[in-house]
Amino acid sequence: RLAPELEAMLRTRFGSHPHVGDIRGRGLLLGIEFVADRATKEPFDAKFKLSAKVKANAMKSGLLCNAYSGNVDGTRGDHVLLAPPFIVEEKHIAEIGDKLEIALRETFHMTAST
């Protein structure tokens, strides 16, 4: 029942992020695609291992997510999948957003200096 709230929160908080190319999924399984250029959807160079960095930073914040790469051409392309348990409560939706925000801030700060 909270799937629409999770998707709405992600779109509101991260839909205009300069490195979020798309937010998509079904139900509580939602993916966030990361791009180097939002206008062209150009992916990050695979050498950055961006999705792995997002996952590591999310875990530091206490958020578990799955990291995937190579979704554009087998090498380039990064996204993470959020899959909270079906017993997620409304308070957890905001917590997911807060922790993901910290992870993205840390990741893109790190990437800019890499």
# chains A, B, ... in the order shown; residues from 1 in each chain; ligands from 1

call {"tool": "select_by_dssp", "arguments": {"residues": "range 8-102 of chain A", "states": "alpha helix (DSSP H)", "output": "ChimeraX atom specification"}}
result
/A:8-14,50-61,90-102

call {"tool": "select_by_dssp", "arguments": {"residues": "chain A", "states": "strand (DSSP E or B)", "output": "VMD selection string"}}
result
chain A and resid 20 to 26 29 to 34 37 42 66 to 69 78 to 82

call {"tool": "write_last_selection", "arguments": {"atoms": "N, CA and C atoms", "output": "PDB file, in the first residue's frame"}}
result
ATOM      1  N   VAL A  20      20.522  12.077 -11.748  1.00  0.00           N
ATOM      2  CA  VAL A  20      19.494  11.036 -11.803  1.00  0.00           C
ATOM      3  C   VAL A  20      18.845  11.108 -13.173  1.00  0.00           C
ATOM      4  N   GLY A  21      19.013  10.022 -13.934  1.00  0.00           N
ATOM      5  CA  GLY A  21      18.465   9.976 -15.278  1.00  0.00           C
ATOM      6  C   GLY A  21      17.029   9.485 -15.316  1.00  0.00           C
ATOM      7  N   ASP A  22      16.687   8.582 -14.396  1.00  0.00           N
ATOM      8  CA  ASP A  22      15.339   8.028 -14.391  1.00  0.00           C
ATOM      9  C   ASP A  22      15.083   7.338 -13.057  1.00  0.00           C
ATOM     10  N   ILE A  23      13.821   7.299 -12.695  1.00  0.00           N
ATOM     11  CA  ILE A  23      13.347   6.548 -11.540  1.00  0.00           C
ATOM     12  C   ILE A  23      12.222   5.678 -12.064  1.00  0.00           C
ATOM     13  N   ARG A  24      12.382   4.371 -11.945  1.00  0.00           N
ATOM     14  CA  ARG A  24      11.362   3.495 -12.510  1.00  0.00           C
ATOM     15  C   ARG A  24      11.293   2.190 -11.729  1.00  0.00           C
ATOM     16  N   GLY A  25      10.187   1.505 -11.893  1.00  0.00           N
ATOM     17  CA  GLY A  25      10.013   0.224 -11.247  1.00  0.00           C
ATOM     18  C   GLY A  25       8.550  -0.111 -11.090  1.00  0.00           C
ATOM     19  N   ARG A  26       8.296  -1.047 -10.202  1.00  0.00           N
ATOM     20  CA  ARG A  26       6.933  -1.487  -9.951  1.00  0.00           C
ATOM     21  C   ARG A  26       6.793  -1.805  -8.470  1.00  0.00           C
ATOM     22  N   LEU A  29       9.670  -2.173  -5.651  1.00  0.00           N
ATOM     23  CA  LEU A  29      10.940  -2.392  -6.335  1.00  0.00           C
ATOM     24  C   LEU A  29      11.169  -1.220  -7.279  1.00  0.00           C
ATOM     25  N   LEU A  30      12.009  -0.300  -6.859  1.00  0.00           N
ATOM     26  CA  LEU A  30      12.227   0.915  -7.637  1.00  0.00           C
ATOM     27  C   LEU A  30      13.711   1.125  -7.890  1.00  0.00           C
ATOM     28  N   GLY A  31      14.028   1.413  -9.137  1.00  0.00           N
ATOM     29  CA  GLY A  31      15.408   1.665  -9.517  1.00  0.00           C
ATOM     30  C   GLY A  31      15.647   3.136  -9.778  1.00  0.00           C
ATOM     31  N   ILE A  32      16.877   3.553  -9.490  1.00  0.00           N
ATOM     32  CA  ILE A  32      17.305   4.926  -9.757  1.00  0.00           C
ATOM     33  C   ILE A  32      18.524   4.833 -10.659  1.00  0.00           C
ATOM     34  N   GLU A  33      18.398   5.392 -11.852  1.00  0.00           N
ATOM     35  CA  GLU A  33      19.484   5.379 -12.825  1.00  0.00           C
ATOM     36  C   GLU A  33      20.310   6.651 -12.661  1.00  0.00           C
ATOM     37  N   PHE A  34      21.628   6.489 -12.705  1.00  0.00           N
ATOM     38  CA  PHE A  34      22.542   7.628 -12.572  1.00  0.00           C
ATOM     39  C   PHE A  34      23.220   7.909 -13.896  1.00  0.00           C
ATOM     40  N   ASP A  37      25.287  13.093 -17.629  1.00  0.00           N
ATOM     41  CA  ASP A  37      24.627  14.255 -18.222  1.00  0.00           C
ATOM     42  C   ASP A  37      23.133  13.983 -18.290  1.00  0.00           C
ATOM     43  N   GLU A  42      23.739  10.558 -20.950  1.00  0.00           N
ATOM     44  CA  GLU A  42      25.056   9.935 -21.101  1.00  0.00           C
ATOM     45  C   GLU A  42      25.467   9.303 -19.774  1.00  0.00           C
ATOM     46  N   ASN A  66      20.632  -2.531  -3.798  1.00  0.00           N
ATOM     47  CA  ASN A  66      21.387  -3.355  -4.734  1.00  0.00           C
ATOM     48  C   ASN A  66      21.979  -2.450  -5.797  1.00  0.00           C
ATOM     49  N   ALA A  67      23.248  -2.668  -6.123  1.00  0.00           N
ATOM     50  CA  ALA A  67      23.934  -1.863  -7.129  1.00  0.00           C
ATOM     51  C   ALA A  67      24.112  -2.680  -8.400  1.00  0.00           C
ATOM     52  N   TYR A  68      23.886  -2.031  -9.532  1.00  0.00           N
ATOM     53  CA  TYR A  68      24.035  -2.682 -10.834  1.00  0.00           C
ATOM     54  C   TYR A  68      24.753  -1.743 -11.785  1.00  0.00           C
ATOM     55  N   SER A  69      25.555  -2.330 -12.647  1.00  0.00           N
ATOM     56  CA  SER A  69      26.229  -1.530 -13.668  1.00  0.00           C
ATOM     57  C   SER A  69      26.173  -2.272 -14.991  1.00  0.00           C
ATOM     58  N   ASP A  78      24.756   2.881 -14.720  1.00  0.00           N
ATOM     59  CA  ASP A  78      24.705   2.611 -13.284  1.00  0.00           C
ATOM     60  C   ASP A  78      23.303   2.849 -12.748  1.00  0.00           C
ATOM     61  N   HIS A  79      22.886   1.961 -11.863  1.00  0.00           N
ATOM     62  CA  HIS A  79      21.650   2.200 -11.132  1.00  0.00           C
ATOM     63  C   HIS A  79      21.662   1.402  -9.838  1.00  0.00           C
ATOM     64  N   VAL A  80      20.817   1.813  -8.921  1.00  0.00           N
ATOM     65  CA  VAL A  80      20.595   1.057  -7.701  1.00  0.00           C
ATOM     66  C   VAL A  80      19.120   0.692  -7.635  1.00  0.00           C
ATOM     67  N   LEU A  81      18.870  -0.419  -6.989  1.00  0.00           N
ATOM     68  CA  LEU A  81      17.504  -0.891  -6.804  1.00  0.00           C
ATOM     69  C   LEU A  81      17.170  -0.834  -5.329  1.00  0.00           C
ATOM     70  N   LEU A  82      16.069  -0.173  -5.024  1.00  0.00           N
ATOM     71  CA  LEU A  82      15.548  -0.142  -3.658  1.00  0.00           C
ATOM     72  C   LEU A  82      14.462  -1.192  -3.563  1.00  0.00           C
TER      73      LEU A  82
END

call {"tool": "closest_residue", "arguments": {"among": "A:Leu64, A:Arg76, A:Asp98, A:Thr12", "to": "Leu50 in chain A", "atoms": "only C-alpha atoms"}}
result
A:Arg76

call {"tool": "residues_around", "arguments": {"residues": "Ala8 in chain A", "least_positions_apart": "2", "cutoff": "12 Å", "atoms": "only C-alpha atoms", "output": "VMD selection string"}}
result
chain A and resid 2 to 6 10 to 15 23 to 24 27 to 28 30 93 to 94 97

call {"tool": "closest_residue", "arguments": {"among": "A:Phe108, A:Arg1, A:Leu63, A:Lys41", "to": "Ala83 in chain A", "atoms": "only C-alpha atoms"}}
result
A:Leu63

call {"tool": "atom_distance", "arguments": {"atom1": "CA of Pro43 in chain A", "atom2": "CA of Lys55 in chain A"}}
result
17.2 Å

call {"tool": "atom_distance", "arguments": {"atom1": "CA of Lys47 in chain A", "atom2": "CA of Pro84 in chain A"}}
result
28.9 Å

call {"tool": "closest_residue", "arguments": {"among": "A:Ala58, A:Leu104, A:Ala52, A:Ile96", "to": "Gly77 in chain A", "atoms": "only C-alpha atoms"}}
result
A:Ala52

call {"tool": "decode", "arguments": {"residues": "range 44-59 of chain A", "atoms": "all heavy atoms", "output": "PDB file, in the first residue's frame"}}
result
ATOM      1  N   PHE A  44      27.882   7.507 -16.834  1.00  0.00           N
ATOM      2  CA  PHE A  44      29.219   7.722 -16.308  1.00  0.00           C
ATOM      3  C   PHE A  44      30.163   6.690 -16.912  1.00  0.00           C
ATOM      4  O   PHE A  44      29.754   5.582 -17.272  1.00  0.00           O
ATOM      5  CB  PHE A  44      29.240   7.567 -14.778  1.00  0.00           C
ATOM      6  CG  PHE A  44      28.741   8.772 -14.049  1.00  0.00           C
ATOM      7  CD1 PHE A  44      27.419   8.864 -13.662  1.00  0.00           C
ATOM      8  CD2 PHE A  44      29.599   9.819 -13.751  1.00  0.00           C
ATOM      9  CE1 PHE A  44      26.949   9.967 -12.979  1.00  0.00           C
ATOM     10  CE2 PHE A  44      29.137  10.940 -13.071  1.00  0.00           C
ATOM     11  CZ  PHE A  44      27.819  11.010 -12.689  1.00  0.00           C
ATOM     12  N   ASP A  45      31.430   7.049 -16.983  1.00  0.00           N
ATOM     13  CA  ASP A  45      32.454   6.110 -17.409  1.00  0.00           C
ATOM     14  C   ASP A  45      32.472   4.956 -16.405  1.00  0.00           C
ATOM     15  O   ASP A  45      32.370   5.170 -15.192  1.00  0.00           O
ATOM     16  CB  ASP A  45      33.809   6.820 -17.440  1.00  0.00           C
ATOM     17  CG  ASP A  45      34.898   6.006 -18.093  1.00  0.00           C
ATOM     18  OD1 ASP A  45      35.075   4.826 -17.713  1.00  0.00           O
ATOM     19  OD2 ASP A  45      35.570   6.546 -18.981  1.00  0.00           O
ATOM     20  N   ALA A  46      32.615   3.748 -16.910  1.00  0.00           N
ATOM     21  CA  ALA A  46      32.612   2.565 -16.046  1.00  0.00           C
ATOM     22  C   ALA A  46      33.723   2.601 -15.001  1.00  0.00           C
ATOM     23  O   ALA A  46      33.585   1.993 -13.937  1.00  0.00           O
ATOM     24  CB  ALA A  46      32.719   1.307 -16.902  1.00  0.00           C
ATOM     25  N   LYS A  47      34.802   3.318 -15.273  1.00  0.00           N
ATOM     26  CA  LYS A  47      35.927   3.370 -14.322  1.00  0.00           C
ATOM     27  C   LYS A  47      35.536   3.961 -12.973  1.00  0.00           C
ATOM     28  O   LYS A  47      36.171   3.694 -11.965  1.00  0.00           O
ATOM     29  CB  LYS A  47      37.104   4.150 -14.913  1.00  0.00           C
ATOM     30  CG  LYS A  47      36.885   5.646 -14.981  1.00  0.00           C
ATOM     31  CD  LYS A  47      38.082   6.377 -15.552  1.00  0.00           C
ATOM     32  CE  LYS A  47      37.817   7.871 -15.603  1.00  0.00           C
ATOM     33  NZ  LYS A  47      38.933   8.581 -16.215  1.00  0.00           N
ATOM     34  N   PHE A  48      34.464   4.745 -12.935  1.00  0.00           N
ATOM     35  CA  PHE A  48      34.030   5.343 -11.677  1.00  0.00           C
ATOM     36  C   PHE A  48      33.361   4.333 -10.744  1.00  0.00           C
ATOM     37  O   PHE A  48      33.276   4.571  -9.547  1.00  0.00           O
ATOM     38  CB  PHE A  48      33.073   6.513 -11.921  1.00  0.00           C
ATOM     39  CG  PHE A  48      33.729   7.727 -12.487  1.00  0.00           C
ATOM     40  CD1 PHE A  48      33.309   8.248 -13.693  1.00  0.00           C
ATOM     41  CD2 PHE A  48      34.767   8.349 -11.821  1.00  0.00           C
ATOM     42  CE1 PHE A  48      33.912   9.373 -14.228  1.00  0.00           C
ATOM     43  CE2 PHE A  48      35.382   9.473 -12.341  1.00  0.00           C
ATOM     44  CZ  PHE A  48      34.954   9.987 -13.553  1.00  0.00           C
ATOM     45  N   LYS A  49      32.830   3.242 -11.309  1.00  0.00           N
ATOM     46  CA  LYS A  49      32.123   2.233 -10.497  1.00  0.00           C
ATOM     47  C   LYS A  49      31.091   2.923  -9.604  1.00  0.00           C
ATOM     48  O   LYS A  49      31.025   2.704  -8.398  1.00  0.00           O
ATOM     49  CB  LYS A  49      33.102   1.398  -9.691  1.00  0.00           C
ATOM     50  CG  LYS A  49      34.066   0.650 -10.576  1.00  0.00           C
ATOM     51  CD  LYS A  49      35.005  -0.203  -9.798  1.00  0.00           C
ATOM     52  CE  LYS A  49      35.948  -0.856 -10.812  1.00  0.00           C
ATOM     53  NZ  LYS A  49      36.791  -1.850 -10.244  1.00  0.00           N
ATOM     54  N   LEU A  50      30.323   3.784 -10.242  1.00  0.00           N
ATOM     55  CA  LEU A  50      29.431   4.681  -9.518  1.00  0.00           C
ATOM     56  C   LEU A  50      28.378   3.957  -8.689  1.00  0.00           C
ATOM     57  O   LEU A  50      28.161   4.291  -7.524  1.00  0.00           O
ATOM     58  CB  LEU A  50      28.754   5.650 -10.490  1.00  0.00           C
ATOM     59  CG  LEU A  50      28.029   6.769  -9.770  1.00  0.00           C
ATOM     60  CD1 LEU A  50      29.018   7.827  -9.337  1.00  0.00           C
ATOM     61  CD2 LEU A  50      26.958   7.341 -10.626  1.00  0.00           C
ATOM     62  N   SER A  51      27.716   2.963  -9.266  1.00  0.00           N
ATOM     63  CA  SER A  51      26.668   2.285  -8.509  1.00  0.00           C
ATOM     64  C   SER A  51      27.239   1.598  -7.270  1.00  0.00           C
ATOM     65  O   SER A  51      26.599   1.586  -6.220  1.00  0.00           O
ATOM     66  CB  SER A  51      25.900   1.296  -9.388  1.00  0.00           C
ATOM     67  OG  SER A  51      26.780   0.392 -10.018  1.00  0.00           O
ATOM     68  N   ALA A  52      28.452   1.064  -7.367  1.00  0.00           N
ATOM     69  CA  ALA A  52      29.092   0.445  -6.200  1.00  0.00           C
ATOM     70  C   ALA A  52      29.380   1.501  -5.130  1.00  0.00           C
ATOM     71  O   ALA A  52      29.250   1.222  -3.927  1.00  0.00           O
ATOM     72  CB  ALA A  52      30.375  -0.266  -6.611  1.00  0.00           C
ATOM     73  N   LYS A  53      29.758   2.704  -5.547  1.00  0.00           N
ATOM     74  CA  LYS A  53      30.007   3.787  -4.586  1.00  0.00           C
ATOM     75  C   LYS A  53      28.712   4.215  -3.904  1.00  0.00           C
ATOM     76  O   LYS A  53      28.700   4.461  -2.696  1.00  0.00           O
ATOM     77  CB  LYS A  53      30.665   4.980  -5.280  1.00  0.00           C
ATOM     78  CG  LYS A  53      32.098   4.727  -5.685  1.00  0.00           C
ATOM     79  CD  LYS A  53      32.688   5.947  -6.370  1.00  0.00           C
ATOM     80  CE  LYS A  53      34.118   5.682  -6.786  1.00  0.00           C
ATOM     81  NZ  LYS A  53      34.732   6.845  -7.434  1.00  0.00           N
ATOM     82  N   VAL A  54      27.640   4.315  -4.686  1.00  0.00           N
ATOM     83  CA  VAL A  54      26.350   4.675  -4.086  1.00  0.00           C
ATOM     84  C   VAL A  54      25.954   3.629  -3.053  1.00  0.00           C
ATOM     85  O   VAL A  54      25.560   3.957  -1.932  1.00  0.00           O
ATOM     86  CB  VAL A  54      25.247   4.828  -5.155  1.00  0.00           C
ATOM     87  CG1 VAL A  54      23.882   5.009  -4.494  1.00  0.00           C
ATOM     88  CG2 VAL A  54      25.542   5.998  -6.083  1.00  0.00           C
ATOM     89  N   LYS A  55      26.089   2.357  -3.418  1.00  0.00           N
ATOM     90  CA  LYS A  55      25.731   1.275  -2.494  1.00  0.00           C
ATOM     91  C   LYS A  55      26.570   1.350  -1.221  1.00  0.00           C
ATOM     92  O   LYS A  55      26.043   1.238  -0.112  1.00  0.00           O
ATOM     93  CB  LYS A  55      25.915  -0.076  -3.161  1.00  0.00           C
ATOM     94  CG  LYS A  55      25.603  -1.235  -2.239  1.00  0.00           C
ATOM     95  CD  LYS A  55      25.818  -2.567  -2.915  1.00  0.00           C
ATOM     96  CE  LYS A  55      25.554  -3.700  -1.941  1.00  0.00           C
ATOM     97  NZ  LYS A  55      25.695  -5.008  -2.580  1.00  0.00           N
ATOM     98  N   ALA A  56      27.879   1.516  -1.365  1.00  0.00           N
ATOM     99  CA  ALA A  56      28.756   1.582  -0.192  1.00  0.00           C
ATOM    100  C   ALA A  56      28.387   2.756   0.709  1.00  0.00           C
ATOM    101  O   ALA A  56      28.331   2.610   1.944  1.00  0.00           O
ATOM    102  CB  ALA A  56      30.216   1.682  -0.631  1.00  0.00           C
ATOM    103  N   ASN A  57      28.116   3.902   0.114  1.00  0.00           N
ATOM    104  CA  ASN A  57      27.734   5.073   0.912  1.00  0.00           C
ATOM    105  C   ASN A  57      26.356   4.904   1.533  1.00  0.00           C
ATOM    106  O   ASN A  57      26.111   5.373   2.644  1.00  0.00           O
ATOM    107  CB  ASN A  57      27.819   6.342   0.071  1.00  0.00           C
ATOM    108  CG  ASN A  57      29.251   6.761  -0.160  1.00  0.00           C
ATOM    109  OD1 ASN A  57      30.079   6.681   0.737  1.00  0.00           O
ATOM    110  ND2 ASN A  57      29.559   7.187  -1.365  1.00  0.00           N
ATOM    111  N   ALA A  58      25.454   4.245   0.826  1.00  0.00           N
ATOM    112  CA  ALA A  58      24.136   3.966   1.405  1.00  0.00           C
ATOM    113  C   ALA A  58      24.278   3.048   2.618  1.00  0.00           C
ATOM    114  O   ALA A  58      23.643   3.274   3.649  1.00  0.00           O
ATOM    115  CB  ALA A  58      23.228   3.343   0.352  1.00  0.00           C
ATOM    116  N   MET A  59      25.118   2.040   2.490  1.00  0.00           N
ATOM    117  CA  MET A  59      25.300   1.110   3.611  1.00  0.00           C
ATOM    118  C   MET A  59      25.907   1.819   4.820  1.00  0.00           C
ATOM    119  O   MET A  59      25.543   1.520   5.954  1.00  0.00           O
ATOM    120  CB  MET A  59      26.152  -0.079   3.176  1.00  0.00           C
ATOM    121  CG  MET A  59      25.383  -0.995   2.229  1.00  0.00           C
ATOM    122  SD  MET A  59      26.251  -2.511   1.832  1.00  0.00           S
ATOM    123  CE  MET A  59      26.113  -3.368   3.386  1.00  0.00           C
TER     124      MET A  59
END
